[in-house]
file upload.txt (compact mmCIF, C-alpha atoms and all ligand atoms)
# COMPACT_ATOMS: atom_id res chain seq x y z
CA MET A 123 3.31 7.26 14.53
CA ASP A 124 3.45 10.37 12.38
CA LEU A 125 1.16 10.01 9.36
CA PRO A 126 0.86 12.56 6.58
CA ARG A 127 -2.68 13.71 5.73
CA ILE A 128 -2.34 12.35 2.19
CA ILE A 129 -0.75 9.08 1.05
CA GLY A 130 -0.36 8.55 -2.70
CA HIS A 131 -2.19 5.38 -3.83
CA ARG A 132 0.12 3.15 -5.91
CA GLY A 133 2.11 6.39 -6.28
CA ALA A 134 -0.12 8.87 -8.06
CA ALA A 135 -2.29 6.36 -9.90
CA ALA A 136 -4.53 8.84 -11.73
CA THR A 137 -1.59 10.68 -13.30
CA ALA A 138 0.98 7.95 -13.97
CA PRO A 139 0.87 4.16 -14.35
CA GLU A 140 0.22 2.66 -10.91
CA ASN A 141 3.02 1.00 -8.95
CA THR A 142 5.81 2.13 -11.30
CA LEU A 143 8.87 4.24 -10.58
CA ALA A 144 7.28 6.95 -12.74
CA SER A 145 4.25 6.95 -10.47
CA PHE A 146 6.37 7.40 -7.34
CA ARG A 147 8.39 10.19 -8.97
CA THR A 148 5.15 11.88 -10.01
CA ALA A 149 3.77 11.66 -6.47
CA ALA A 150 6.96 13.13 -5.02
CA ALA A 151 6.87 15.96 -7.58
CA MET A 152 3.33 16.73 -6.35
CA GLY A 153 4.71 17.17 -2.84
CA VAL A 154 3.45 13.83 -1.50
CA THR A 155 5.50 12.63 1.49
CA MET A 156 4.34 8.98 1.64
CA VAL A 157 3.22 6.52 -1.02
CA GLU A 158 1.27 3.28 -0.74
CA PHE A 159 2.16 0.38 -3.02
CA ASP A 160 1.44 -3.33 -3.33
CA VAL A 161 4.03 -6.09 -3.03
CA MET A 162 3.63 -9.50 -4.63
CA LEU A 163 5.93 -12.39 -5.46
CA THR A 164 7.21 -13.69 -8.79
CA ARG A 165 7.62 -17.39 -9.62
CA ASP A 166 11.23 -17.18 -8.36
CA ASP A 167 10.08 -15.56 -5.10
CA ARG A 168 11.29 -12.04 -5.90
CA ALA A 169 9.31 -9.19 -4.35
CA VAL A 170 7.89 -6.87 -7.01
CA VAL A 171 5.59 -3.88 -6.78
CA PHE A 172 2.38 -4.90 -8.52
CA HIS A 173 -1.33 -5.01 -7.77
CA ASP A 174 -3.22 -7.61 -9.80
CA GLU A 175 -2.77 -11.38 -9.68
CA THR A 176 -2.67 -11.35 -13.48
CA LEU A 177 -0.56 -9.33 -15.91
CA GLU A 178 -3.09 -8.25 -18.54
CA ARG A 179 -4.56 -5.03 -17.11
CA THR A 180 -1.34 -3.15 -16.37
CA THR A 181 1.29 -4.74 -18.66
CA ASP A 182 1.67 -6.15 -22.15
CA GLY A 183 2.22 -9.61 -20.64
CA HIS A 184 -0.18 -12.49 -20.10
CA GLY A 185 -0.94 -14.95 -17.35
CA ARG A 186 -0.41 -14.94 -13.63
CA LEU A 187 2.27 -12.83 -11.97
CA ARG A 188 3.08 -15.70 -9.59
CA GLU A 189 3.88 -17.92 -12.56
CA ALA A 190 6.25 -15.42 -14.22
CA PRO A 191 9.93 -15.25 -13.25
CA LEU A 192 11.49 -11.86 -12.58
CA ALA A 193 13.51 -12.06 -15.81
CA THR A 194 10.26 -12.15 -17.79
CA LEU A 195 8.58 -9.41 -15.77
CA ILE A 196 11.33 -6.85 -16.09
CA GLY A 197 11.06 -7.11 -19.86
CA LEU A 198 7.36 -6.16 -19.82
CA ASP A 199 5.92 -2.73 -20.46
CA ALA A 200 3.97 -1.59 -17.38
CA GLY A 201 3.42 1.97 -18.63
CA GLY A 202 2.15 1.95 -22.22
CA TRP A 203 -1.37 0.77 -21.22
CA PHE A 204 -1.76 4.00 -19.26
CA GLU A 205 -0.37 6.48 -21.78
CA PRO A 206 2.09 6.13 -24.68
CA ASN A 207 4.42 8.60 -22.91
CA PHE A 208 5.00 6.02 -20.20
CA ALA A 209 5.73 3.11 -22.56
CA GLY A 210 8.70 1.06 -21.40
CA GLU A 211 8.18 1.60 -17.66
CA PRO A 212 9.12 -1.73 -16.08
CA VAL A 213 7.44 -3.66 -13.30
CA PRO A 214 9.74 -2.53 -10.47
CA THR A 215 11.34 -4.72 -7.87
CA LEU A 216 10.76 -3.81 -4.24
CA GLU A 217 14.49 -3.00 -4.01
CA ALA A 218 14.20 -0.48 -6.86
CA VAL A 219 11.16 1.20 -5.33
CA LEU A 220 12.67 1.51 -1.86
CA GLY A 221 15.91 2.84 -3.33
CA LEU A 222 13.98 5.46 -5.30
CA LEU A 223 11.91 6.53 -2.29
CA GLN A 224 15.05 7.02 -0.23
CA GLY A 225 16.49 9.20 -2.98
CA LEU A 226 13.24 11.18 -3.15
CA GLY A 227 13.16 11.43 0.64
CA ILE A 228 9.60 10.15 1.00
CA GLY A 229 8.02 7.46 3.17
CA ALA A 230 6.54 4.08 2.31
CA ASN A 231 3.29 2.27 3.09
CA ILE A 232 4.08 -1.26 1.93
CA GLU A 233 0.90 -3.28 1.35
CA ILE A 234 1.73 -6.96 1.57
CA LYS A 235 -0.46 -9.09 -0.67
CA PRO A 236 -0.81 -12.71 0.48
CA THR A 237 0.66 -15.32 -1.86
CA HIS A 238 -0.53 -18.76 -2.89
CA PRO A 239 0.12 -21.43 -1.82
CA SER A 240 1.99 -20.11 1.23
CA ASP A 241 0.10 -16.97 2.19
CA THR A 242 2.79 -15.42 4.39
CA ARG A 243 5.73 -15.83 2.01
CA THR A 244 5.31 -12.28 0.61
CA ALA A 245 5.58 -10.89 4.13
CA GLU A 246 8.75 -12.87 4.85
CA ILE A 247 10.48 -11.84 1.65
CA ALA A 248 9.29 -8.22 1.50
CA ILE A 249 10.32 -7.56 5.08
CA ALA A 250 13.73 -9.17 4.60
CA VAL A 251 14.31 -6.95 1.54
CA ALA A 252 13.04 -3.78 3.22
CA ALA A 253 14.92 -4.38 6.47
CA GLY A 254 18.13 -4.83 4.51
CA LEU A 255 17.67 -1.57 2.62
CA TRP A 256 15.78 0.92 4.71
CA PRO A 257 18.06 3.35 6.61
CA VAL A 258 17.74 3.04 10.38
CA ASP A 259 17.74 6.82 10.81
CA ARG A 260 14.57 7.27 8.70
CA PRO A 261 11.00 6.59 9.92
CA PRO A 262 10.34 2.93 9.09
CA PRO A 263 7.82 1.90 6.44
CA LEU A 264 4.21 1.34 7.50
CA LEU A 265 3.45 -2.32 6.74
CA SER A 266 -0.19 -3.02 5.92
CA SER A 267 -2.20 -6.01 4.76
CA PHE A 268 -5.69 -7.45 4.48
CA SER A 269 -4.06 -10.64 5.80
CA ARG A 270 -3.78 -10.98 9.55
CA ARG A 271 -1.33 -13.82 9.09
CA CYS A 272 0.97 -11.54 7.10
CA LEU A 273 0.77 -8.94 9.85
CA GLN A 274 1.63 -11.60 12.42
CA VAL A 275 4.75 -12.44 10.42
CA ALA A 276 5.53 -8.71 10.21
CA GLU A 277 5.34 -8.46 13.99
CA GLU A 278 7.75 -11.36 14.36
CA LEU A 279 10.25 -10.13 11.75
CA ALA A 280 10.08 -6.35 12.19
CA PRO A 281 8.52 -5.77 15.62
CA THR A 282 9.44 -2.07 15.74
CA TRP A 283 7.90 -1.22 12.35
CA PRO A 284 4.29 0.02 12.45
CA ARG A 285 1.56 -2.30 11.19
CA GLY A 286 -1.89 -1.54 9.80
CA LEU A 287 -4.81 -3.90 9.16
CA ILE A 288 -6.65 -3.16 5.91
CA VAL A 289 -10.40 -3.86 5.94
CA ASP A 290 -13.42 -3.01 3.85
CA ARG A 291 -15.73 -2.63 6.83
CA LEU A 292 -14.57 -2.62 10.45
CA PRO A 293 -14.91 -6.24 11.69
CA SER A 294 -16.51 -6.89 15.07
CA ASP A 295 -13.26 -8.30 16.48
CA TRP A 296 -11.10 -5.39 15.31
CA HIS A 297 -10.00 -4.44 18.82
CA GLU A 298 -8.85 -7.96 19.72
CA ALA A 299 -7.03 -8.15 16.38
CA ALA A 300 -5.36 -4.79 17.01
CA GLN A 301 -4.11 -5.97 20.39
CA ALA A 302 -3.02 -9.40 19.18
CA LEU A 303 -1.13 -7.96 16.22
CA GLY A 304 0.18 -4.83 17.96
CA LEU A 305 -1.38 -2.61 15.30
CA SER A 306 -0.74 1.13 14.92
CA THR A 307 -3.43 1.79 12.31
CA ILE A 308 -6.66 0.50 10.77
CA HIS A 309 -7.10 1.16 7.04
CA CYS A 310 -10.82 1.24 6.15
CA LEU A 311 -12.66 1.59 2.88
CA HIS A 312 -13.75 5.21 3.24
CA ARG A 313 -17.40 4.53 2.34
CA HIS A 314 -17.75 2.42 5.46
CA LEU A 315 -16.43 5.03 7.85
CA SER A 316 -18.63 7.27 9.98
CA PRO A 317 -17.86 9.73 12.78
CA VAL A 318 -18.84 7.04 15.31
CA VAL A 319 -16.55 4.38 13.80
CA VAL A 320 -13.62 6.81 13.54
CA ALA A 321 -14.08 7.93 17.15
CA GLU A 322 -14.34 4.30 18.35
CA ILE A 323 -11.03 3.39 16.70
CA LYS A 324 -9.25 6.54 17.82
CA ARG A 325 -10.36 6.07 21.43
CA THR A 326 -8.06 3.06 21.60
CA GLY A 327 -5.07 5.12 20.42
CA LEU A 328 -4.98 3.67 16.90
CA GLY A 329 -4.67 5.82 13.79
CA VAL A 330 -7.34 5.70 11.07
CA VAL A 331 -6.37 5.56 7.40
CA ALA A 332 -9.10 5.77 4.73
CA TRP A 333 -8.85 4.37 1.18
CA THR A 334 -9.28 5.26 -1.66
CA VAL A 335 -10.41 8.89 -1.45
CA ASN A 336 -10.44 10.81 -4.73
CA GLU A 337 -12.62 13.82 -3.94
CA LEU A 338 -11.45 16.81 -1.94
CA GLU A 339 -14.82 17.33 -0.27
CA ARG A 340 -14.87 13.74 0.98
CA ALA A 341 -11.27 14.00 2.22
CA GLU A 342 -12.14 17.14 4.17
CA THR A 343 -15.10 15.36 5.77
CA LEU A 344 -12.90 12.43 6.78
CA TRP A 345 -10.15 14.66 8.17
CA GLY A 346 -12.89 16.53 10.07
CA TRP A 347 -13.92 13.25 11.71
CA GLY A 348 -10.33 12.68 12.83
CA VAL A 349 -9.07 10.37 10.08
CA GLU A 350 -5.28 10.82 10.08
CA ALA A 351 -4.51 9.93 6.47
CA VAL A 352 -6.37 9.36 3.24
CA ILE A 353 -4.91 7.18 0.49
CA SER A 354 -5.60 8.79 -2.88
CA ASP A 355 -5.07 8.34 -6.62
CA VAL A 356 -5.23 12.15 -6.90
CA PRO A 357 -2.99 13.52 -4.15
CA ASP A 358 -2.58 16.73 -6.16
CA VAL A 359 -6.34 17.39 -6.00
CA LEU A 360 -6.49 16.72 -2.25
CA GLN A 361 -3.55 19.01 -1.61
CA GLU A 362 -5.75 21.90 -2.67
CA GLY A 363 -7.59 21.46 0.65
O1 LIG B 1 -3.87 0.04 0.97
C1 LIG B 1 -5.17 0.39 0.66
C2 LIG B 1 -5.64 -0.13 -0.68
O2 LIG B 1 -4.59 -0.05 -1.62
C3 LIG B 1 -6.13 -1.53 -0.57
O3 LIG B 1 -6.72 -2.03 -1.73
O4 LIG B 1 -6.79 -3.23 -3.85
O5 LIG B 1 -6.03 -0.87 -3.83
O6 LIG B 1 -4.57 -2.66 -2.90
P1 LIG B 1 -5.98 -2.21 -3.14
MG MG B 2 -2.97 -1.37 -2.18

call {"tool": "encode", "arguments": {"input": "upload.txt", "output": "structure tokens", "more": "lines below"}}
Ligand code: G3P
Ligand code: MG
result
Amino acid sequence: MDLPRIIGHRGAAATAPENTLASFRTAAAMGVTMVEFDVMLTRDDRAVVFHDETLERTTDGHGRLREAPLATLIGLDAGGWFEPNFAGEPVPTLEAVLGLLQGLGIGANIEIKPTHPSDTRTAEIAIAVAAGLWPVDRPPPLLSSFSRRCLQVAEELAPTWPRGLIVDRLPSDWHEAAQALGLSTIHCLHRHLSPVVVAEIKRTGLGVVAWTVNELERAETLWGWGVEAVISDVPDVLQEG
């Protein structure tokens, strides 16, 4: 698959409130061609773009996201915590984000967060939403997850869409997992990558994605080792390289 060198993390998380429409617009205005974002489920099983299990850090709401219905979430302010200029930015639905990205003409790396109590439900719902919306003539979203079970569901529901396993450190059974899940990419915490690890992954034909890389010098080192894409809060800084 064709990966850009830079993927905007939660949009452009250092410049705009993460995982909001404003963040994706900001990333696109910086010239970013693909953004990563996190998908979670509300109490009424709606897919929303959100990172934490709880609402406090990035909204003016309280409690667990999974216990809040969509009607409550869309009334929250997901921008004011970041900067007063962004006050009133809502928690976006997956539909709204995918619609915006199509309008902006940029690609998606959809990170599927497992859900309690049924850990694969986010994958089922997010993929149904995305498959219903994403134009067939555009490169499909890259689906990624820390959860192998979510990636297994992704393979069943969207077999032609690329899948990436997210890990902190490369696990010893990564190659078996890649084969079993039909992976295209491995997404490693950048601190745990080395030239040897990158070469080992690439030898099998998989792409290497590194997260979260916020210094240009480090990104250049990783690209030099053969890392295809770095996920960054500061895509504008990395574009100077
Ligand atoms: O997709 C890479 C990275 O976003 C995974 O960690 O916690 O930022 O979603 P997190
Ligand atoms: Mg993420």

call {"tool": "closest_residue", "arguments": {"input": "upload.txt", "among": "A:Ile232, A:Leu222, A:Ile323, A:Leu328", "to": "A:Arg132", "atoms": "all atoms listed in the file"}}
result
A:Ile232

call {"tool": "residues_near_ligand", "arguments": {"input": "upload.txt", "ligand": "ligand LIG 1 (chain B)", "cutoff": "7 Å", "atoms": "all atoms listed in the file", "output": "PyMOL selection string"}}
result
chain A and resi 131+158-160+173+233+266+288+309+333-334+353

call {"tool": "atom_distance", "arguments": {"input": "upload.txt", "atom1": "atom CA of A:Gln224", "atom2": "atom CA of A:Ser354"}}
result
20.9 Å

call {"tool": "residues_around", "arguments": {"input": "upload.txt", "residues": "A:Asp174", "least_positions_apart": "4", "cutoff": "10 Å", "atoms": "all atoms listed in the file", "output": "list of chain:residue names"}}
result
A:Asp160, A:Met162, A:Glu178, A:Arg179, A:Thr180, A:Arg186, A:Leu187, A:Lys235

call {"tool": "closest_residue", "arguments": {"input": "upload.txt", "among": "A:Ala250, A:Leu198, A:Val157, A:Ala209", "to": "ligand MG 2 (chain B)", "atoms": "all atoms listed in the file"}}
result
A:Val157

call {"tool": "closest_residue", "arguments": {"input": "upload.txt", "among": "A:Asp355, A:Thr215, A:Pro293, A:Ala151", "to": "ligand MG 2 (chain B)", "atoms": "only C-alpha atoms and all ligand atoms"}}
result
A:Asp355

call {"tool": "closest_residue", "arguments": {"input": "upload.txt", "among": "A:Glu278, A:Leu125, A:Ala332, A:Ser316", "to": "ligand MG 2 (chain B)", "atoms": "all atoms listed in the file"}}
result
A:Ala332

call {"tool": "residues_around", "arguments": {"input": "upload.txt", "residues": "stretch 296-305 of chain A", "least_positions_apart": "5", "cutoff": "6 Å", "atoms": "all atoms listed in the file", "output": "list in words"}}
result
Gln274, Arg285 and Gly286 of chain A

call {"tool": "residues_around", "arguments": {"input": "upload.txt", "residues": "A:Val335", "least_positions_apart": "4", "cutoff": "9 Å", "atoms": "only C-alpha atoms", "output": "compact mmCIF listing (two decimals) with C-alpha atoms, keeping the file's coordinate frame"}}
result
# COMPACT_ATOMS: atom_id res chain seq x y z
CA LEU A 311 -12.66 1.59 2.88
CA HIS A 312 -13.75 5.21 3.24
CA ARG A 340 -14.87 13.74 0.98
CA ALA A 341 -11.27 14.00 2.22
CA VAL A 352 -6.37 9.36 3.24
CA ILE A 353 -4.91 7.18 0.49
CA SER A 354 -5.60 8.79 -2.88
CA ASP A 355 -5.07 8.34 -6.62
CA VAL A 356 -5.23 12.15 -6.90
CA LEU A 360 -6.49 16.72 -2.25

call {"tool": "residues_around", "arguments": {"input": "upload.txt", "residues": "A:Met123", "least_positions_apart": "4", "cutoff": "10 Å", "atoms": "all atoms listed in the file", "output": "JSON, numbers by chain"}}
result
{"A": [261, 262, 264, 283, 284, 306, 307, 328, 329]}

call {"tool": "closest_residue", "arguments": {"input": "upload.txt", "among": "A:Ile129, A:Leu273, A:Ala138, A:Ala252", "to": "A:Glu217", "atoms": "all atoms listed in the file"}}
result
A:Ala252

call {"tool": "closest_residue", "arguments": {"input": "upload.txt", "among": "A:Lys324, A:Arg291, A:Arg243, A:Arg260", "to": "A:Val275", "atoms": "only C-alpha atoms"}}
result
A:Arg243
